[in-house]
>>> print(open('upload-v5.cif').read())   # mmCIF, C-alpha atoms
data_coords
#
loop_
_atom_site.label_atom_id
_atom_site.label_comp_id
_atom_site.auth_asym_id
_atom_site.auth_seq_id
_atom_site.Cartn_x
_atom_site.Cartn_y
_atom_site.Cartn_z
CA MET A 69 58.02 137.19 68.10
CA ASN A 70 59.94 136.32 71.27
CA ASP A 71 63.21 138.26 71.28
CA SER A 72 64.54 136.67 74.46
CA VAL A 73 67.51 134.31 74.30
CA PRO A 74 68.15 131.97 77.24
CA TYR A 75 71.68 131.65 78.56
CA LEU A 76 71.37 127.86 78.35
CA ASP A 77 68.57 125.68 76.99
CA LEU A 78 68.94 122.10 78.18
CA ARG A 79 65.53 121.17 76.78
CA ALA A 80 66.72 121.91 73.24
CA GLN A 81 69.35 119.18 73.51
CA LEU A 82 67.15 116.72 75.34
CA ARG A 83 64.12 116.96 73.04
CA PRO A 84 65.41 114.99 70.02
CA LEU A 85 67.15 112.42 72.26
CA ARG A 86 64.36 111.89 74.75
CA ALA A 87 63.04 108.60 73.39
CA GLU A 88 66.54 107.10 73.16
CA ILE A 89 67.45 108.31 76.65
CA GLU A 90 64.22 106.93 78.10
CA ALA A 91 64.95 103.58 76.46
CA ALA A 92 68.46 103.60 77.93
CA ILE A 93 67.09 104.34 81.40
CA ALA A 94 64.48 101.60 80.97
CA ARG A 95 67.32 99.19 80.17
CA VAL A 96 68.93 100.02 83.52
CA LEU A 97 65.62 99.51 85.30
CA ASP A 98 65.25 96.12 83.64
CA GLU A 99 68.80 95.11 84.59
CA CYS A 100 68.46 96.39 88.18
CA ALA A 101 72.21 97.09 88.28
CA PHE A 102 72.11 100.68 89.52
CA CYS A 103 75.63 101.39 90.82
CA LEU A 104 78.55 100.57 88.52
CA GLY A 105 77.58 97.42 86.59
CA PRO A 106 77.46 96.82 82.82
CA GLU A 107 76.25 100.29 81.79
CA VAL A 108 79.09 102.03 83.62
CA ALA A 109 81.63 99.57 82.25
CA ALA A 110 80.32 100.15 78.71
CA PHE A 111 80.49 103.93 79.09
CA GLU A 112 84.02 103.69 80.46
CA ARG A 113 85.12 101.70 77.40
CA GLU A 114 83.39 104.08 74.99
CA PHE A 115 84.67 107.30 76.55
CA ALA A 116 88.21 105.91 76.80
CA SER A 117 88.01 104.91 73.13
CA PHE A 118 86.73 108.36 72.15
CA LEU A 119 89.64 110.05 73.92
CA GLY A 120 92.28 107.52 72.91
CA ALA A 121 93.00 106.66 76.55
CA ARG A 122 93.66 103.19 78.00
CA HIS A 123 91.43 103.60 81.02
CA CYS A 124 88.34 105.56 82.08
CA ILE A 125 87.06 105.24 85.63
CA GLY A 126 83.48 106.43 86.06
CA LEU A 127 82.78 108.47 89.20
CA ASN A 128 79.92 110.32 90.81
CA SER A 129 81.27 113.83 90.06
CA GLY A 130 84.15 115.80 88.62
CA THR A 131 85.04 116.89 92.14
CA SER A 132 85.47 113.25 93.12
CA ALA A 133 87.69 112.69 90.07
CA LEU A 134 89.98 115.51 91.17
CA HIS A 135 90.07 114.19 94.74
CA VAL A 136 90.92 110.67 93.57
CA ALA A 137 93.68 112.13 91.35
CA MET A 138 95.30 113.69 94.41
CA ARG A 139 95.07 110.36 96.26
CA LEU A 140 96.61 108.47 93.33
CA LEU A 141 99.63 110.75 93.54
CA ASP A 142 99.90 110.23 97.33
CA ILE A 143 99.66 113.97 97.93
CA GLY A 144 99.05 114.90 101.54
CA PRO A 145 99.86 117.23 104.44
CA GLY A 146 102.97 119.32 103.87
CA ASP A 147 102.73 119.01 100.09
CA GLU A 148 101.95 121.81 97.64
CA VAL A 149 100.00 121.72 94.39
CA ILE A 150 100.29 124.63 91.97
CA THR A 151 97.02 125.66 90.38
CA THR A 152 94.96 128.60 89.13
CA PRO A 153 92.89 130.99 91.24
CA PHE A 154 90.51 131.58 88.31
CA THR A 155 88.32 128.49 88.11
CA PHE A 156 85.50 126.73 89.95
CA VAL A 157 86.36 126.02 93.56
CA ALA A 158 86.28 122.22 93.14
CA THR A 159 89.75 122.38 91.60
CA SER A 160 91.15 123.66 94.89
CA TRP A 161 88.87 121.56 97.10
CA ALA A 162 90.61 118.41 95.82
CA ILE A 163 93.98 119.71 97.01
CA THR A 164 92.58 120.74 100.39
CA TYR A 165 90.72 117.44 100.88
CA VAL A 166 94.04 115.57 101.06
CA GLY A 167 95.56 118.11 103.47
CA ALA A 168 97.87 119.74 100.92
CA ARG A 169 98.20 123.45 100.17
CA PRO A 170 96.93 125.06 96.97
CA VAL A 171 99.62 127.37 95.61
CA TYR A 172 98.09 129.81 93.16
CA VAL A 173 99.78 131.47 90.22
CA ASP A 174 98.29 134.00 87.83
CA ILE A 175 96.72 133.32 84.46
CA ARG A 176 97.42 134.43 80.90
CA GLU A 177 95.32 137.30 79.60
CA GLU A 178 94.59 135.69 76.24
CA THR A 179 93.40 132.26 77.44
CA PHE A 180 92.42 132.63 81.13
CA ASN A 181 94.60 129.55 81.70
CA ILE A 182 97.50 129.09 84.11
CA ASP A 183 100.72 130.88 83.09
CA PRO A 184 103.59 128.36 82.76
CA GLU A 185 106.24 131.03 83.41
CA GLN A 186 104.69 131.70 86.79
CA VAL A 187 104.29 127.98 87.45
CA ALA A 188 108.05 127.55 86.97
CA ARG A 189 108.75 130.30 89.51
CA ALA A 190 106.37 128.79 92.07
CA VAL A 191 107.94 125.31 92.27
CA THR A 192 109.49 124.49 95.65
CA PRO A 193 110.82 121.27 97.21
CA ARG A 194 107.30 120.73 98.57
CA THR A 195 105.62 120.87 95.14
CA LYS A 196 104.13 117.50 94.19
CA ALA A 197 101.94 118.41 91.20
CA VAL A 198 100.55 121.04 88.89
CA LEU A 199 96.76 120.98 88.55
CA ALA A 200 95.97 122.76 85.28
CA VAL A 201 92.44 123.73 84.20
CA HIS A 202 91.42 123.87 80.54
CA LEU A 203 89.11 126.78 81.32
CA TYR A 204 86.03 127.43 79.18
CA GLY A 205 87.18 124.55 76.92
CA GLN A 206 90.44 126.25 75.84
CA PRO A 207 93.45 123.90 76.20
CA CYS A 208 96.33 124.98 78.43
CA ASP A 209 99.89 125.30 77.15
CA ILE A 210 100.55 121.62 77.78
CA ASP A 211 104.03 121.47 76.25
CA ALA A 212 105.33 124.21 78.53
CA LEU A 213 103.70 122.69 81.60
CA LEU A 214 105.01 119.19 80.83
CA GLU A 215 108.53 120.55 80.43
CA ILE A 216 108.35 122.16 83.87
CA CYS A 217 106.88 119.05 85.48
CA ARG A 218 109.45 116.71 83.94
CA SER A 219 112.35 118.94 84.90
CA HIS A 220 111.21 118.93 88.54
CA ASN A 221 109.88 115.36 88.59
CA ILE A 222 106.36 116.45 89.55
CA ALA A 223 102.99 115.33 88.19
CA LEU A 224 100.67 117.16 85.81
CA VAL A 225 96.95 116.63 86.39
CA GLU A 226 94.46 118.01 83.88
CA ASP A 227 91.13 119.41 85.02
CA ALA A 228 89.17 118.94 81.79
CA ALA A 229 85.74 119.46 83.36
CA GLN A 230 84.88 122.11 80.74
CA ALA A 231 86.85 120.64 77.85
CA HIS A 232 85.27 117.42 76.59
CA GLY A 233 86.53 117.00 73.04
CA ALA A 234 89.01 119.90 73.11
CA ARG A 235 92.34 119.08 71.47
CA TYR A 236 95.93 120.17 71.87
CA ARG A 237 98.19 119.45 68.89
CA GLY A 238 95.69 116.88 67.66
CA LYS A 239 95.30 114.99 70.95
CA TYR A 240 92.34 115.19 73.28
CA VAL A 241 92.91 117.07 76.52
CA GLY A 242 92.68 114.90 79.59
CA THR A 243 95.06 112.38 78.01
CA LEU A 244 98.21 114.50 77.99
CA GLY A 245 99.39 114.82 81.59
CA GLY A 246 99.12 111.36 83.10
CA ILE A 247 95.76 111.87 84.81
CA GLY A 248 92.75 113.71 83.39
CA CYS A 249 89.56 114.60 85.25
CA PHE A 250 86.14 115.22 83.71
CA SER A 251 82.77 116.40 84.99
CA PHE A 252 79.43 115.43 83.47
CA TYR A 253 77.40 118.02 85.38
CA PRO A 254 74.19 118.86 83.44
CA THR A 255 75.60 122.08 81.93
CA LYS A 256 78.75 120.48 80.49
CA ASN A 257 79.46 119.72 76.81
CA LEU A 258 78.90 116.06 77.64
CA ALA A 259 76.27 116.09 80.34
CA ALA A 260 74.53 113.57 82.53
CA CYS A 261 70.97 113.97 83.80
CA GLY A 262 72.42 114.70 87.22
CA GLU A 263 75.91 114.35 88.66
CA GLY A 264 78.76 112.38 87.14
CA GLY A 265 82.49 112.43 86.53
CA ALA A 266 85.42 110.39 85.27
CA LEU A 267 89.16 109.98 85.63
CA VAL A 268 91.22 108.89 82.64
CA THR A 269 94.77 107.54 82.55
CA ASP A 270 97.05 105.28 80.53
CA ASP A 271 98.66 103.89 83.69
CA ASP A 272 97.34 100.41 84.55
CA ALA A 273 98.32 100.60 88.22
CA LEU A 274 96.76 104.04 88.73
CA ALA A 275 93.57 102.88 87.03
CA ALA A 276 93.29 99.81 89.24
CA ARG A 277 93.81 101.89 92.38
CA ALA A 278 91.28 104.50 91.22
CA ARG A 279 88.66 101.77 90.77
CA ALA A 280 89.30 100.63 94.32
CA LEU A 281 89.28 104.14 95.81
CA ARG A 282 85.88 104.93 94.27
CA ASP A 283 84.43 101.76 95.86
CA HIS A 284 85.43 102.11 99.52
CA GLY A 285 89.06 101.16 98.87
CA SER A 286 87.96 97.65 98.00
CA THR A 287 89.03 95.18 95.32
CA ARG A 288 87.14 92.35 97.05
CA ARG A 289 83.83 92.99 98.74
CA TYR A 290 84.22 93.64 102.48
CA TYR A 291 88.03 93.75 102.22
CA HIS A 292 89.46 97.27 102.31
CA ASP A 293 93.12 97.85 101.53
CA GLU A 294 93.13 101.63 102.14
CA LEU A 295 90.84 104.52 102.96
CA GLY A 296 88.29 104.74 100.18
CA TYR A 297 85.14 106.59 99.21
CA ASN A 298 81.65 106.03 97.90
CA TYR A 299 82.38 107.72 94.57
CA ARG A 300 80.72 105.17 92.28
CA MET A 301 79.03 106.26 89.06
CA GLU A 302 75.33 105.45 88.85
CA ALA A 303 74.25 103.25 85.97
CA ILE A 304 71.43 105.58 84.92
CA GLN A 305 73.93 108.41 84.40
CA ALA A 306 76.23 106.12 82.41
CA ALA A 307 73.32 105.05 80.20
CA VAL A 308 72.45 108.69 79.49
CA LEU A 309 76.09 109.53 78.76
CA ARG A 310 76.37 106.62 76.32
CA VAL A 311 73.51 108.09 74.30
CA LYS A 312 74.97 111.59 74.36
CA LEU A 313 78.59 110.63 73.66
CA LYS A 314 77.65 109.72 70.09
CA HIS A 315 76.67 113.37 69.53
CA LEU A 316 79.57 115.11 71.28
CA ALA A 317 81.66 115.76 68.17
CA ALA A 318 78.70 117.24 66.31
CA TRP A 319 77.73 119.37 69.29
CA ASN A 320 81.26 120.71 69.63
CA ALA A 321 81.28 121.55 65.91
CA ALA A 322 78.04 123.46 66.46
CA ARG A 323 79.62 125.33 69.38
CA GLN A 324 82.51 126.26 67.08
CA ARG A 325 79.97 127.65 64.61
CA VAL A 326 78.31 129.70 67.35
CA ALA A 327 81.67 131.05 68.52
CA GLN A 328 82.72 132.00 64.99
CA ARG A 329 79.43 133.80 64.39
CA TYR A 330 79.72 135.75 67.65
CA THR A 331 83.28 136.73 66.74
CA GLU A 332 82.21 137.96 63.30
CA LEU A 333 79.26 139.96 64.63
CA LEU A 334 81.08 141.47 67.62
CA ALA A 335 84.40 142.25 65.91
CA ASP A 336 83.59 145.97 65.63
CA THR A 337 82.58 146.37 69.28
CA PRO A 338 84.93 147.37 72.12
CA LEU A 339 84.51 143.95 73.73
CA ARG A 340 87.60 141.84 74.20
CA LEU A 341 86.67 138.59 72.44
CA PRO A 342 87.97 135.08 73.06
CA ARG A 343 90.14 133.45 70.45
CA GLN A 344 91.30 129.95 69.63
CA VAL A 345 95.03 129.51 70.18
CA PRO A 346 96.91 128.10 67.16
CA GLY A 347 97.53 124.37 67.53
CA THR A 348 94.44 123.87 69.67
CA GLU A 349 90.76 123.10 69.15
CA CYS A 350 88.67 124.80 71.79
CA ALA A 351 85.57 122.96 73.01
CA TRP A 352 83.79 126.32 73.48
CA HIS A 353 82.12 125.31 76.71
CA LEU A 354 81.56 129.03 77.24
CA TYR A 355 81.91 132.13 75.07
CA VAL A 356 83.39 134.74 77.41
CA VAL A 357 83.76 138.40 76.51
CA ARG A 358 85.43 141.13 78.54
CA HIS A 359 84.77 144.82 79.20
CA PRO A 360 85.42 147.19 82.13
CA ARG A 361 81.70 148.07 82.21
CA ARG A 362 80.73 144.41 82.45
CA ASP A 363 78.08 144.86 85.13
CA GLU A 364 76.28 147.59 83.19
CA LEU A 365 76.38 145.48 80.04
CA ARG A 366 75.03 142.49 81.91
CA GLN A 367 72.16 144.55 83.30
CA HIS A 368 71.37 145.85 79.81
CA LEU A 369 71.36 142.35 78.30
CA GLU A 370 69.15 140.92 81.00
CA SER A 371 66.72 143.84 80.70
CA ARG A 372 66.32 142.91 77.03
CA GLY A 373 65.75 139.22 77.71
CA ILE A 374 69.28 138.02 76.92
CA GLY A 375 70.60 135.47 79.40
CA CYS A 376 74.20 135.80 80.56
CA ALA A 377 76.34 134.68 83.49
CA LEU A 378 79.50 135.37 85.48
CA HIS A 379 82.33 132.80 85.67
CA TYR A 380 83.97 133.64 88.13
CA PRO A 381 83.27 136.89 90.00
CA LEU A 382 85.60 136.23 92.96
CA PRO A 383 88.94 134.44 92.42
CA LEU A 384 89.71 131.54 94.73
CA HIS A 385 92.56 133.28 96.55
CA LEU A 386 90.06 135.89 97.80
CA GLN A 387 87.38 133.42 98.89
CA LYS A 388 86.55 133.35 102.60
CA ALA A 389 87.08 129.57 102.65
CA TYR A 390 90.74 130.12 101.72
CA ALA A 391 91.48 133.14 103.90
CA GLN A 392 93.93 131.01 105.92
CA LEU A 393 96.26 130.82 102.90
CA GLY A 394 97.09 134.50 103.42
CA TYR A 395 96.57 135.80 99.91
CA LYS A 396 95.37 139.38 99.43
CA PRO A 397 93.89 141.57 96.69
CA GLY A 398 96.51 142.43 94.10
CA ASP A 399 98.40 139.14 94.39
CA PHE A 400 97.13 137.89 91.03
CA PRO A 401 96.15 140.99 89.05
CA VAL A 402 95.35 139.25 85.76
CA ALA A 403 92.88 136.87 87.41
CA GLU A 404 91.37 139.66 89.49
CA LYS A 405 90.87 141.86 86.44
CA ALA A 406 89.28 138.97 84.55
CA ALA A 407 86.90 138.43 87.46
CA ARG A 408 85.78 142.05 87.19
CA GLU A 409 85.42 142.08 83.40
CA CYS A 410 84.30 138.65 82.18
CA LEU A 411 80.78 137.99 80.95
CA CYS A 412 79.50 134.72 79.50
CA LEU A 413 77.11 135.02 76.55
CA PRO A 414 74.56 132.35 75.61
CA MET A 415 76.45 129.31 74.33
CA TYR A 416 75.02 125.92 73.43
CA PRO A 417 74.92 123.88 70.20
CA GLU A 418 71.27 124.58 69.43
CA LEU A 419 71.61 128.39 69.30
CA THR A 420 70.23 129.64 65.99
CA ASP A 421 71.76 132.33 63.79
CA GLU A 422 68.77 134.52 64.61
CA GLN A 423 69.40 134.16 68.34
CA ILE A 424 73.12 134.90 67.95
CA GLU A 425 72.31 137.97 65.86
CA ARG A 426 69.82 139.10 68.51
CA VAL A 427 72.49 138.88 71.23
CA ALA A 428 74.92 140.88 69.09
CA GLN A 429 72.25 143.46 68.29
CA VAL A 430 71.50 144.08 71.97
CA ILE A 431 75.23 144.37 72.77
CA LYS A 432 75.66 146.93 69.99
CA GLU A 433 72.67 148.87 71.34
CA PHE A 434 74.48 149.15 74.66
CA PHE A 435 77.62 150.64 73.13
CA ALA A 436 75.62 152.92 70.84
CA LYS A 437 73.94 154.31 73.92
CA HIS A 438 76.91 154.40 76.31
CA GLY A 439 79.85 154.91 73.98
CA HIS A 440 82.81 152.68 73.33
CA SER A 441 84.88 153.48 76.42
#
>>> encode(input="upload-v5.cif", output="structure tokens")
Amino acid sequence: MNDSVPYLDLRAQLRPLRAEIEAAIARVLDECAFCLGPEVAAFEREFASFLGARHCIGLNSGTSALHVAMRLLDIGPGDEVITTPFTFVATSWAITYVGARPVYVDIREETFNIDPEQVARAVTPRTKAVLAVHLYGQPCDIDALLEICRSHNIALVEDAAQAHGARYRGKYVGTLGGIGCFSFYPTKNLAACGEGGALVTDDDALAARARALRDHGSTRRYYHDELGYNYRMEAIQAAVLRVKLKHLAAWNAARQRVAQRYTELLADTPLRLPRQVPGTECAWHLYVVRHPRRDELRQHLESRGIGCALHYPLPLHLQKAYAQLGYKPGDFPVAEKAARECLCLPMYPELTDEQIERVAQVIKEFFAKHGHS
């Protein structure tokens, strides 16, 4: 018997869909419309319908979606965008790409998401937007953030790269703040076979401009109204996503099952476990536990064949690339502590009960050997 459990098993998801995905790719090859075209347009309609949004604009990555969002809001040099230091760096790249300054505020212990109370304190006359991340698939406190943004007449952009299908008070995240950004990187809940992203909005004018920006700033070929980018979605990725979108709800339900089982099995350990906030439905992109002896636990798990990962071991305000912002250790203690303590356990829809129980068993072995401190 193989007691190892991979951190992520992409083959397990691909296997039952392979014939349908290959047929979808063959359809693109037959059409020979490889960039944008009918497959991308069909995916845009289907994903917008799934979310309950008016518009979906397919892009070549989640990073591009975030960058386009900043352009749509005319954010530029001298402007500030409030965001979290505890996320993937692409969130901050988008702000920097347009010449604006990322202004970090700390996160909440219980969700890892941006703390609205600190957002309110960080607003200045230069603040143009709040860029909130639904980290690990757990929705942010949207009501509190919207209240702050409306009171100061600033925009709220949602980074929903890890939150496909997550809901806040019954509505899908990405549709709540005016502009929502998604990634379809291969590890995501809804994943392409390569790179991909999307921007969603209910605003007709923003959608039209986003479509132009992704295609060299052009609404007519060879006529360019403003600086644009080659951020087009490839048709093959759209075809793959159309196949997978039909399974997203079932996959997220399976992730919920995995999370519930972990929580049951690990309840009597000293780990700090994630929880679903009332009024939300977490997408459970990751199942992240915390402990001060994280590195020792990680080494123990890996020595026993249990895959695990760190998201994110160095907060953005301490990254070398952002040294010029002048932040220092201790500025955001909650995020820094999370970076030292967080460990991601195996999480994907195809995890079996036996595999989940094996992960829990190995974790309990660690604390039996090393104590509960």
>>> residues_around(input="upload-v5.cif", residues="Val326 in chain A", least_positions_apart="6", cutoff="8 Å", atoms="all atoms listed in the file", output="list in words")
Met415, Tyr416, Pro417, Leu419, Asp421 and Ile424 of chain A
>>> atom_distance(input="upload-v5.cif", atom1="CA of Arg288 in chain A", atom2="CA of Trp161 in chain A")
29.3 Å
>>> resolve_selection(input="upload-v5.cif", expression="the PyMOL selection byres ((chain A and resi 187) around 9)", output="short mmCIF file (atom, residue, chain, number, x, y, z; two decimals) with C-alpha atoms, in the frame of the given file")
data_model
loop_
_atom_site.label_atom_id
_atom_site.label_comp_id
_atom_site.auth_asym_id
_atom_site.auth_seq_id
_atom_site.Cartn_x
_atom_site.Cartn_y
_atom_site.Cartn_z
CA ILE A 150 100.29 124.63 91.97
CA THR A 151 97.02 125.66 90.38
CA TYR A 172 98.09 129.81 93.16
CA VAL A 173 99.78 131.47 90.22
CA ASP A 174 98.29 134.00 87.83
CA ILE A 182 97.50 129.09 84.11
CA ASP A 183 100.72 130.88 83.09
CA PRO A 184 103.59 128.36 82.76
CA GLU A 185 106.24 131.03 83.41
CA GLN A 186 104.69 131.70 86.79
CA ALA A 188 108.05 127.55 86.97
CA ARG A 189 108.75 130.30 89.51
CA ALA A 190 106.37 128.79 92.07
CA VAL A 191 107.94 125.31 92.27
CA VAL A 198 100.55 121.04 88.89
CA LEU A 213 103.70 122.69 81.60
CA ILE A 216 108.35 122.16 83.87
#
>>> residues_around(input="upload-v5.cif", residues="range 391-399 of chain A", least_positions_apart="3", cutoff="10 Å", atoms="all atoms listed in the file", output="list in words")
Arg169, Pro170, Val171, Tyr172, Val173, Asp174, Pro383, Leu384, His385, Leu386, Gln387, Lys388, Val402, Ala403, Glu404 and Lys405 of chain A
>>> closest_atom_pairs(input="upload-v5.cif", of="range 123-228 of chain A", to="range 274-279 of chain A", cutoff="10 Å", atoms="all atoms listed in the file", output="tab-separated table")
residue	atom	partner	partner_atom	distance
A:His123	CA	A:Ala275	CA	6.4
A:Cys124	CA	A:Ala275	CA	7.7
A:Ile125	CA	A:Arg279	CA	6.4
A:Gly126	CA	A:Arg279	CA	8.4
A:Leu127	CA	A:Arg279	CA	9.1
A:Ala133	CA	A:Ala278	CA	9.0
A:Val136	CA	A:Ala278	CA	6.6
A:Ala137	CA	A:Ala278	CA	8.0
A:Arg139	CA	A:Ala278	CA	8.6
A:Leu140	CA	A:Leu274	CA	6.4
A:Leu141	CA	A:Leu274	CA	8.7
>>> closest_residue(input="upload-v5.cif", among="A:Leu333, A:Ile247, A:Ala303, A:Ile175", to="Phe400 in chain A", atoms="all atoms listed in the file")
A:Ile175
>>> resolve_selection(input="upload-v5.cif", expression="the PyMOL selection byres ((chain A and resi 221) around 12)", output="list in words")
Val191, Thr192, Pro193, Arg194, Thr195, Lys196, Ala197, Val198, Leu213, Leu214, Glu215, Ile216, Cys217, Arg218, Ser219, His220, Ile222, Ala223 and Leu224 of chain A
>>> closest_residue(input="upload-v5.cif", among="A:Gly242, A:Gly439, A:Gly205, A:Pro254", to="Leu82 in chain A", atoms="all atoms listed in the file")
A:Pro254
>>> atom_distance(input="upload-v5.cif", atom1="CA of Arg362 in chain A", atom2="CA of His232 in chain A")
28.0 Å
>>> atom_distance(input="upload-v5.cif", atom1="CA of Pro342 in chain A", atom2="CA of Glu178 in chain A")
7.4 Å
>>> resolve_selection(input="upload-v5.cif", expression="the PyMOL selection byres ((chain A and resi 354) around 7)", output="PyMOL selection string")
chain A and resi 204+352-353+355-356+412+415
>>> closest_residue(input="upload-v5.cif", among="A:Glu409, A:Asp336, A:Glu418, A:Glu302", to="His359 in chain A", atoms="only C-alpha atoms")
A:Glu409
>>> closest_residue(input="upload-v5.cif", among="A:Asp272, A:Glu349, A:Asp147, A:Glu425", to="Ala231 in chain A", atoms="all atoms listed in the file")
A:Glu349
>>> residues_around(input="upload-v5.cif", residues="Pro346 in chain A", least_positions_apart="5", cutoff="12 Å", atoms="all atoms listed in the file", output="PyMOL selection string")
chain A and resi 179+206-209+235-238
>>> write_last_selection(input="upload-v5.cif", atoms="C-alpha atoms", output="PDB file, in the frame of the given file")
ATOM      1  CA  THR A 179      93.400 132.260  77.440  1.00  0.00           C
ATOM      2  CA  GLN A 206      90.440 126.250  75.840  1.00  0.00           C
ATOM      3  CA  PRO A 207      93.450 123.900  76.200  1.00  0.00           C
ATOM      4  CA  CYS A 208      96.330 124.980  78.430  1.00  0.00           C
ATOM      5  CA  ASP A 209      99.890 125.300  77.150  1.00  0.00           C
ATOM      6  CA  ARG A 235      92.340 119.080  71.470  1.00  0.00           C
ATOM      7  CA  TYR A 236      95.930 120.170  71.870  1.00  0.00           C
ATOM      8  CA  ARG A 237      98.190 119.450  68.890  1.00  0.00           C
ATOM      9  CA  GLY A 238      95.690 116.880  67.660  1.00  0.00           C
TER      10      GLY A 238
END
>>> closest_residue(input="upload-v5.cif", among="A:Ala406, A:Val157, A:Ala321, A:Leu76", to="Arg340 in chain A", atoms="all atoms listed in the file")
A:Ala406
>>> closest_residue(input="upload-v5.cif", among="A:Gly233, A:Gly265, A:Pro145, A:Pro74", to="Val108 in chain A", atoms="all atoms listed in the file")
A:Gly265
